[in-house]
Structure formats: structure tokens, C-alpha cells
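Trainee: The following file, target11.txt, comprises compact mmCIF, C-alpha atoms:
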# COMPACT_ATOMS: atom_id res chain seq x y z
CA MET J 49 75.07 118.82 75.02
CA ASN J 50 74.03 116.77 77.99
CA PRO J 51 70.30 117.24 78.47
CA ASN J 52 70.35 115.81 82.05
CA PRO J 53 69.26 118.63 84.34
CA TYR J 54 69.73 116.66 87.59
CA PRO J 55 72.97 116.22 89.56
CA LYS J 56 74.61 112.83 89.26
CA LEU J 57 74.70 110.91 92.53
CA HIS J 58 77.02 108.00 91.78
CA PRO J 59 79.37 106.51 89.16
CA GLY J 60 77.77 104.77 86.20
CA LEU J 61 74.49 105.70 84.54
CA ASN J 62 72.16 107.54 86.92
CA LEU J 63 68.47 106.62 86.85
CA GLY J 64 67.38 110.19 87.52
CA PRO J 65 64.71 111.68 89.80
CA ALA J 66 61.92 110.05 87.75
CA HIS J 67 62.88 106.79 89.50
CA GLY J 68 62.52 108.36 92.96
CA VAL J 69 63.72 106.12 95.78
CA ALA J 70 65.65 103.82 93.42
CA HIS J 71 67.70 106.81 92.24
CA GLU J 72 68.36 108.38 95.65
CA GLY J 73 68.81 105.05 97.46
CA SER J 74 71.49 104.00 94.97
CA GLU J 75 73.85 106.83 95.95
CA ALA J 76 75.34 105.34 99.12
CA VAL J 77 75.22 101.72 97.90
CA LEU J 78 76.97 102.50 94.63
CA PHE J 79 79.60 104.65 96.32
CA GLY J 80 80.35 101.73 98.63
CA PHE J 81 80.54 99.38 95.69
CA TRP J 82 82.86 101.82 93.92
CA ILE J 83 85.22 101.65 96.92
CA PHE J 84 85.22 97.84 96.58
CA LEU J 85 86.03 98.14 92.88
CA MET J 86 88.94 100.47 93.59
CA SER J 87 90.36 98.03 96.14
CA ASP J 88 89.92 95.31 93.52
CA LEU J 89 91.87 97.58 91.17
CA ILE J 90 94.76 97.60 93.68
CA ILE J 91 94.78 93.77 93.70
CA PHE J 92 94.88 93.68 89.90
CA GLY J 93 97.55 96.40 89.90
CA ILE J 94 99.79 94.36 92.20
CA LEU J 95 99.31 91.28 90.03
CA PHE J 96 100.22 93.40 86.98
CA ALA J 97 103.40 94.54 88.78
CA THR J 98 104.25 90.94 89.74
CA TYR J 99 103.70 89.93 86.13
CA ALA J 100 105.86 92.76 84.79
CA ALA J 101 108.64 91.76 87.22
CA SER J 102 108.38 88.12 86.06
CA THR J 103 108.96 88.46 82.33
CA GLY J 104 112.76 88.36 82.22
CA PRO J 105 114.80 85.38 80.98
CA MET J 106 115.38 84.18 84.57
CA ALA J 107 111.65 84.12 85.34
CA ILE J 108 111.00 82.12 82.18
CA ALA J 109 113.48 79.55 83.59
CA GLY J 110 114.04 77.73 80.33
CA GLY J 111 110.33 76.94 80.00
CA PRO J 112 107.96 77.92 77.20
CA ARG J 113 107.98 81.61 76.19
CA PRO J 114 105.04 83.89 75.27
CA THR J 115 105.57 83.24 71.55
CA ASP J 116 105.28 79.48 72.19
CA LEU J 117 101.97 79.72 74.03
CA PHE J 118 99.85 82.74 73.08
CA ASP J 119 97.16 82.64 70.40
CA LEU J 120 96.56 86.20 69.15
CA VAL J 121 93.43 85.28 67.16
CA SER J 122 91.79 83.82 70.27
CA VAL J 123 92.77 86.89 72.31
CA SER J 124 91.22 89.22 69.73
CA ILE J 125 87.99 87.16 69.75
CA GLN J 126 87.88 87.36 73.57
CA THR J 127 88.46 91.12 73.41
CA ALA J 128 85.61 91.54 70.91
CA PHE J 129 83.24 89.42 73.06
CA LEU J 130 84.01 91.42 76.20
CA LEU J 131 83.70 94.84 74.54
CA ALA J 132 80.39 93.83 72.93
CA SER J 133 79.12 92.55 76.30
CA SER J 134 80.05 95.85 77.93
CA LEU J 135 77.87 97.63 75.36
CA THR J 136 74.93 95.23 75.77
CA CYS J 137 75.19 95.64 79.56
CA GLY J 138 74.79 99.40 79.01
CA MET J 139 71.76 98.70 76.80
CA ALA J 140 70.17 96.64 79.62
CA ILE J 141 70.57 99.61 81.99
CA LEU J 142 69.07 101.97 79.39
CA ALA J 143 66.10 99.63 78.91
CA MET J 144 65.61 99.74 82.70
CA LYS J 145 65.93 103.52 82.91
CA TYR J 146 63.62 104.33 80.00
CA GLY J 147 60.25 102.62 79.99
CA GLU J 148 61.19 99.94 82.56
CA ASN J 149 60.69 97.31 79.90
CA VAL J 150 61.21 94.05 81.84
CA SER J 151 61.48 91.71 78.85
CA ARG J 152 64.00 94.02 77.13
CA VAL J 153 66.14 94.24 80.27
CA LYS J 154 66.10 90.45 80.49
CA LEU J 155 66.94 90.06 76.81
CA TRP J 156 69.97 92.38 77.04
CA LEU J 157 71.14 90.63 80.22
CA VAL J 158 70.92 87.25 78.49
CA VAL J 159 72.91 88.59 75.52
CA THR J 160 75.51 90.00 77.97
CA ALA J 161 75.74 86.62 79.71
CA LEU J 162 76.13 84.76 76.41
CA LEU J 163 78.94 87.09 75.29
CA GLY J 164 80.61 86.69 78.69
CA ALA J 165 80.29 82.90 78.42
CA GLY J 166 81.81 83.10 74.92
CA PHE J 167 84.76 85.02 76.37
CA LEU J 168 85.23 82.44 79.11
CA THR J 169 85.01 79.52 76.66
CA PHE J 170 87.85 80.91 74.54
CA GLU J 171 89.91 81.75 77.63
CA LEU J 172 89.56 78.24 79.09
CA ARG J 173 90.33 76.72 75.69
CA ASP J 174 93.52 78.82 75.61
CA PHE J 175 94.48 77.70 79.14
CA ALA J 176 93.93 74.05 78.13
CA SER J 177 96.10 74.40 75.02
CA MET J 178 98.82 76.24 77.00
CA MET J 179 98.88 73.43 79.56
CA ALA J 180 99.09 70.87 76.76
CA HIS J 181 102.28 72.65 75.61
CA GLN J 182 103.97 72.53 79.05
CA GLY J 183 102.60 75.94 79.98
CA THR J 184 101.41 74.95 83.46
CA PRO J 185 101.41 77.43 86.37
CA MET J 186 104.18 75.52 88.17
CA ARG J 187 106.58 75.56 85.19
CA SER J 188 108.05 79.05 85.79
CA ALA J 189 107.62 82.31 87.71
CA TRP J 190 106.37 83.90 84.50
CA LEU J 191 103.62 81.28 84.09
CA SER J 192 102.65 81.47 87.79
CA SER J 193 102.16 85.23 87.57
CA LEU J 194 100.35 84.87 84.23
CA TYR J 195 97.78 82.41 85.58
CA ALA J 196 97.33 84.49 88.75
CA LEU J 197 96.55 87.66 86.78
CA VAL J 198 94.54 86.30 83.84
CA GLY J 199 92.94 83.62 86.03
CA LEU J 200 91.72 86.15 88.58
CA HIS J 201 90.10 88.16 85.80
CA GLY J 202 88.48 84.97 84.44
CA LEU J 203 87.22 84.19 87.94
CA HIS J 204 85.66 87.67 88.14
CA ILE J 205 83.91 87.04 84.80
CA THR J 206 82.62 83.70 86.12
CA MET J 207 81.25 85.48 89.20
CA GLY J 208 79.68 88.08 86.89
CA LEU J 209 77.90 85.31 84.98
CA LEU J 210 76.53 83.88 88.24
CA TRP J 211 75.46 87.41 89.17
CA ILE J 212 73.56 87.82 85.87
CA LEU J 213 71.75 84.49 86.44
CA THR J 214 70.84 85.57 89.98
CA MET J 215 69.55 88.92 88.68
CA LEU J 216 67.44 87.17 86.03
CA ALA J 217 65.86 85.03 88.74
CA LEU J 218 65.32 88.08 90.95
CA ILE J 219 63.71 90.04 88.08
CA GLN J 220 61.41 87.05 87.51
CA VAL J 221 60.18 87.36 91.11
CA GLN J 222 60.34 91.09 91.87
CA ARG J 223 60.12 92.62 88.35
CA LEU J 224 62.03 95.94 88.40
CA SER J 225 61.73 96.71 92.11
CA ASN J 226 63.93 99.39 93.69
CA LYS J 227 66.24 96.67 95.03
CA VAL J 228 66.60 95.13 91.58
CA LYS J 229 67.35 98.52 90.04
CA THR J 230 70.15 99.31 92.51
CA ARG J 231 71.65 95.85 92.06
CA LEU J 232 71.58 96.10 88.27
CA LEU J 233 73.38 99.46 88.51
CA MET J 234 76.00 97.75 90.71
CA PHE J 235 76.32 94.89 88.23
CA SER J 236 76.87 97.30 85.34
CA LEU J 237 79.71 99.03 87.24
CA TYR J 238 81.29 95.62 87.92
CA TRP J 239 80.99 94.47 84.31
CA HIS J 240 82.36 97.69 82.76
CA PHE J 241 85.20 97.60 85.32
CA LEU J 242 86.16 94.08 84.18
CA ASP J 243 86.33 95.29 80.60
CA VAL J 244 88.70 98.09 81.70
CA ILE J 245 90.95 95.51 83.44
CA TRP J 246 90.91 93.39 80.27
CA ILE J 247 92.35 96.35 78.28
CA GLY J 248 95.36 96.17 80.60
CA ILE J 249 95.62 92.40 80.28
CA PHE J 250 95.51 92.17 76.50
CA SER J 251 97.95 95.10 76.17
CA VAL J 252 100.48 94.17 78.86
CA VAL J 253 100.31 90.38 78.75
CA PHE J 254 99.39 89.34 75.24
CA LEU J 255 100.34 92.19 72.88
CA ALA J 256 103.51 93.28 74.71
CA GLY J 257 104.42 89.59 75.17
CA LEU J 258 104.20 88.80 71.47
CA VAL J 259 105.53 91.98 69.89
CA MET V 185 68.06 115.12 71.02
CA ASN V 186 66.23 113.73 74.05
CA GLU V 187 67.95 112.20 77.07
CA GLU V 188 67.43 108.58 76.05
CA ARG V 189 68.84 108.99 72.56
CA TYR V 190 71.72 111.08 73.94
CA GLU V 191 72.68 108.38 76.44
CA ARG V 192 72.35 105.54 73.92
CA PHE V 193 74.52 107.53 71.53
CA HIS V 194 77.03 107.98 74.37
CA TYR V 195 77.42 104.19 74.81
CA ILE V 196 77.75 103.69 71.07
CA ILE V 197 80.48 106.36 70.81
CA GLY V 198 82.32 104.65 73.68
CA ALA V 199 82.09 101.21 72.07
CA THR V 200 83.13 102.48 68.62
CA ALA V 201 86.12 104.41 70.00
CA SER V 202 87.15 101.36 72.07
CA ALA V 203 86.88 99.11 69.00
CA ILE V 204 89.06 101.49 66.94
CA LEU V 205 91.67 101.72 69.73
CA THR V 206 91.69 97.92 70.09
CA VAL V 207 92.26 97.46 66.35
CA LEU V 208 95.06 100.06 66.58
CA ALA V 209 96.72 98.14 69.44
CA PHE V 210 96.46 94.78 67.64
CA GLY V 211 97.60 96.45 64.41
CA ALA V 212 100.77 97.58 66.24
CA MET V 213 101.86 93.94 66.06
CA ILE V 214 102.58 94.55 62.37
CA ILE V 215 104.75 97.59 63.19
CA GLY V 216 106.52 95.34 65.72
CA GLU V 217 108.01 93.35 62.82
CA TRP V 218 110.54 96.14 62.25
CA ASP V 219 110.29 98.56 65.21
CA ARG V 220 109.55 96.94 68.56
CA THR V 221 109.84 100.14 70.65
CA LEU V 222 107.40 102.05 68.45
CA ALA V 223 104.94 99.12 68.58
CA LEU V 224 105.11 99.06 72.41
CA TRP V 225 104.43 102.81 72.49
CA VAL V 226 101.39 102.44 70.22
CA ILE V 227 100.05 99.57 72.38
CA GLY V 228 100.65 101.52 75.61
CA VAL V 229 99.14 104.80 74.45
CA SER V 230 96.06 103.19 72.90
CA ALA V 231 95.51 101.19 76.12
CA VAL V 232 95.63 104.33 78.28
CA VAL V 233 93.33 106.25 75.89
CA GLN V 234 90.90 103.32 75.78
CA ILE V 235 90.78 103.14 79.58
CA VAL V 236 89.95 106.86 79.72
CA VAL V 237 87.29 106.41 76.99
CA GLN V 238 85.62 103.55 78.88
CA LEU V 239 85.74 105.43 82.19
CA ARG V 240 84.10 108.40 80.49
CA PHE V 241 81.50 106.71 78.27
CA PHE V 242 80.70 103.44 80.11
CA LEU V 243 81.34 104.30 83.76
CA HIS V 244 80.25 107.94 83.32
CA ILE V 245 83.15 109.39 85.32
CA ASP V 246 83.76 113.03 84.45
CA PHE V 247 84.78 116.31 86.01
CA SER V 248 81.27 117.41 86.99
CA ARG V 249 81.22 118.78 90.52
CA GLN V 250 78.67 116.26 91.88
CA LYS V 251 80.94 113.28 91.55
CA ARG V 252 84.23 114.67 92.80
CA GLU V 253 84.62 111.87 95.39
CA ASP V 254 84.49 109.14 92.74
CA LEU V 255 87.20 110.80 90.72
CA LEU V 256 89.22 111.49 93.91
CA LEU V 257 88.95 107.81 94.80
CA ILE V 258 90.28 106.85 91.35
CA LEU V 259 93.16 109.30 91.68
CA PHE V 260 93.99 108.07 95.19
CA SER V 261 93.90 104.45 93.97
CA LEU V 262 96.21 105.41 91.11
CA LEU V 263 98.60 107.02 93.58
CA MET V 264 98.63 103.82 95.67
CA LEU V 265 99.17 101.79 92.51
CA THR V 266 102.02 103.99 91.33
CA MET V 267 103.80 103.50 94.65
CA LEU V 268 103.08 99.78 95.04
CA ALA V 269 103.36 98.65 91.43
CA GLY V 270 106.09 101.12 90.46
CA GLY V 271 108.08 100.19 93.58
CA THR V 272 107.71 96.47 92.91
CA ILE V 273 108.85 96.79 89.30
CA TRP V 274 111.74 99.08 90.26
CA ILE V 275 113.10 96.96 93.11
CA LEU V 276 112.62 93.57 91.48
CA GLY V 277 113.93 94.85 88.14
CA ASP V 278 117.05 96.18 89.87
CA LEU V 279 117.51 92.92 91.78
CA SER V 280 117.15 90.94 88.59
CA LYS V 281 119.81 93.10 86.88
CA ARG V 282 122.26 92.62 89.76
CA MET V 283 121.81 88.84 89.73
CA MET V 284 122.56 88.48 86.04
Let me see the structure of the file written as C-alpha cells.

Mentor:
Amino acid sequence: MNPNPYPKLHPGLNLGPAHGVAHEGSEAVLFGFWIFLMSDLIIFGILFATYAASTGPMAIAGGPRPTDLFDLVSVSIQTAFLLASSLTCGMAILAMKYGENVSRVKLWLVVTALLGAGFLTFELRDFASMMAHQGTPMRSAWLSSLYALVGLHGLHITMGLLWILTMLALIQVQRLSNKVKTRLLMFSLYWHFLDVIWIGIFSVVFLAGLV
Amino acid sequence: MNEERYERFHYIIGATASAILTVLAFGAMIIGEWDRTLALWVIGVSAVVQIVVQLRFFLHIDFSRQKREDLLLILFSLLMLTMLAGGTIWILGDLSKRMM
């Protein structure tokens, strides 16, 4: 059973009353951030719909098809990297919540960033090889919608990596101040959210495209 | 079990379940060799289950009374998505059929 006796104030892991101001102050900020994430979800949803409407033979327009361009092994490696990074991000938050161990928080954040960078490396390598096989965004409606959807997710991951670097610098200066705690909670929501979007991408785009 | 171990365990359950569901979805590619519809169903269902698992174990969204607004916001966003995305797919799919 859940041993937490306190009410949860916001989505994601709650720091609990032992963290005082950092716990209570996070409520409004994280709710606001959650609204942003849900509006981001709408953007991704629309891009998913555009993609789904652009998979017919007319949208492919005689250009390369999914079976000509996708690399399932690379996609599975990316999926593994992103899932592992979601777990290590959770571990960073746990290290912050229990014991406030600064070096452990930093270590888990660095591992998360490295896994995220690994994901991005494989994704960019895939894009490069697709473009080398005439799979450029301007070739067909299908490819335009593919790059818009997968590219936007990749862009979010890139922003997440910048965010981790910024947080590492901020932790260096402020240690685990209340501001740092709230921002790390926000980052963890963002990072887990991107992993949820990726589930949709690998299922709808890559697996459904190749099956 | 204390709170810390409980919460760490929670993340590990989430990651393990997600890994199993991912393997299931990728494994459906083998089923796809002879039954494409069944493979698509396996991929779709495991994706939906995995999204629920990650919402529950990573984003800590549940039915506890304190966080009703977060869940309401998700449900409202899903309603918007159903109308926007469903409408797009419906109309464009129909248009595509008529132009063939």
C-alpha cells in the first residue's frame, strides 16, 4: 500500500511536507506546466492526425515507402534509450526527495542526458540515411508529415537536453534550492511526457508503417 | 516498506511493464508476416496500455481525490483530440476515397 500520508498537490512525484516551501510552492507552478504539456499534446495529436491522413498511396506520390526507409533495429534502440532515460530521470527526482544528495542528483541527470543524446544520435542518423535514399521532406505529403511529427519530438528532446545542462549549471550555483527543486519536478514531467509521445510515434509511424 | 523504497519500486514496476509492452509491440511484427490486422491490434492495444502504465507509474496520475483537476485536464484534452484528430482523419480519409 501507499505509505504517503499527505495529499498530493500536483502531477508527478510529490516532494512531501518534509520539503516545506518547495513542496507547497510547486503546486501552482506544476499545474501551470501541466496545462502547457496538455496543449503540447494537442499539437502532437494534430500532427498524428495529419500523419494518419497522409499514409495512402496518393500521399506517397510514387516516392519511397515506409519499407524502403525505416530501420526497425535503430527504432528499437531509440525506444530503449528513451525508456531507460525516463527511469533515470525518476531516479534523479528520488535522489532529490530523499536525502537531497546533490552529487547523486547530478549523476542521474548526466546519465539521463547521455541516454537522451544517444536517442538523438540514432534519430539523426536515421534522418540522414532516409534523406540519402530520396526520403526528403519535400518528396511527398507522407514524408512532410513524417518529418513534422518525428522532427518536432526530436526538437523537444533537444530542448530537454539543453534544459538538463542548464539545471546542472544551476545546481552547481544554488545546490538544491527551492527554485531548483520546483524546476527539476517540472523537467521530470516534461521528460516523462516525451516518452509517452514516443510510444505513439513508434507504434503509429514505425511499427504500423512496417507491418 | 518505507516510502522511499515504495516509490523506487513504483518506478521500476513502470519501467519493467513498459519494457515488456514494447517488446510485445515489436514482437507483433512477426505476427504481421501472416496476419496484418491482428498485428495492428496487438501494436495498438500495447501502446494504449503502455501510455496508461507510464501515466500511472512515471507521471503519478491516479484517481485520488486531490488531483482531480489533472485527470480532468487529461480527459478534456483527450476530448479535444478525439474531435480534432478524429475529424481530420474522417474528413480527409473520405476525401481521399472519393478522389480515387

Trainee: Find the residues in chain J near chain V: any atom within 8 Å counts, using all atoms listed in the file. Write them as a PyMOL selection string.

Mentor: chain J and resi 50-52+55-61+79+82-83+86-87+89-90+93-94+96-98+100-101+124+128+131-132+134-135+138-139+142+146+237+240-241+244+247-248+251+255-256+258-259

Trainee: I want to know what sits within 7 Å of segment 104-109 of chain J, based on only C-alpha atoms, with residues of the same chain fewer than 4 positions away left out; could you give that as a ChimeraX atom specification?

Mentor: /J:113,188-190

Trainee: Compile the contact shell of segment 115-118 of chain J as a list of chain:residue names: residues with an atom at most 10 Å away, counting only C-alpha atoms, same-chain residues fewer than 5 positions apart removed.

Mentor: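 Residues meeting the cut-off are J:Val123, J:Asp174, J:Phe175, J:Ser177, J:Met178, J:Met179, J:Ala180, J:His181, J:Gln182, J:Gly183, J:Val253, J:Phe254, J:Leu255, J:Gly257, J:Leu258, J:Val259.
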
Trainee: Just checking: using all atoms listed in the file, which residue out of J:Ala66, J:Leu213, J:Phe250, J:Tyr238 ends up closest to Gly147 of chain J?

Mentor: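 Under the stated criterion, the closest residue is J:Ala66.
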
Trainee: Which is closest to His71 of chain J among J:Lys145, J:Leu157, J:Ser122, J:Asp243, if we use only C-alpha atoms?

Mentor: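 The answer is J:Lys145, which sits nearest to His71 of chain J.
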
Trainee: Axis-aligned box over every listed atom of segment 142-151 of chain J, padded by 5 Å per side: centre and edges in Å to one decimal, as AutoDock Vina command-line options?

Mentor:
--center_x 64.7 --center_y 98.0 --center_z 80.9 --size_x 18.8 --size_y 22.6 --size_z 14.1

Trainee: By how many Å are atom CA of Thr214 of chain J and atom CA of Asn149 of chain J apart?

Mentor: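 Atom-to-atom, atom CA of Thr214 of chain J to atom CA of Asn149 of chain J, that is 18.5 Å.
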
Trainee: What is the atom CA of Val69 of chain J-atom CA of Thr160 of chain J distance in Å, reported with one decimal?

Mentor: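 Result for atom CA of Val69 of chain J versus atom CA of Thr160 of chain J: 26.8 Å, one decimal.
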
Trainee: Report the distance between atom CA of Leu168 of chain J and atom CA of Leu203 of chain J in Å, rounded to one decimal place.

Mentor: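 It comes out at 9.2 Å.
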
Trainee: Report as a ChimeraX atom specification all protein, DNA and RNA residues lying within 7 Å of Phe129 of chain J, evaluated on only C-alpha atoms, omitting residues in the same chain fewer than 6 positions from it.

Mentor: /J:163-164,166-167

Trainee: Looking at all atoms listed in the file, which of J:Asn226, J:Ser102, J:Ile91, J:Glu171 is the one that sits closest to Leu279 of chain V?

Mentor: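 Comparing J:Asn226, J:Ser102, J:Ile91, J:Glu171 against Leu279 of chain V, the winner is J:Ser102.
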
Trainee: Which of these residues is nearest to Gly64 of chain J, using only C-alpha atoms: J:Cys137, J:Ile212, J:Met234, J:Met144?

Mentor: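 Answer, going by the shortest atom-to-atom distance: J:Met144.
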
Trainee: Could you tell me which of J:Gly80, J:Pro65, J:Pro112, J:Gly202 comes closest to Thr184 of chain J if we count all atoms listed in the file?

Mentor: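 Checking each candidate against Thr184 of chain J, we get J:Pro112 as the closest.
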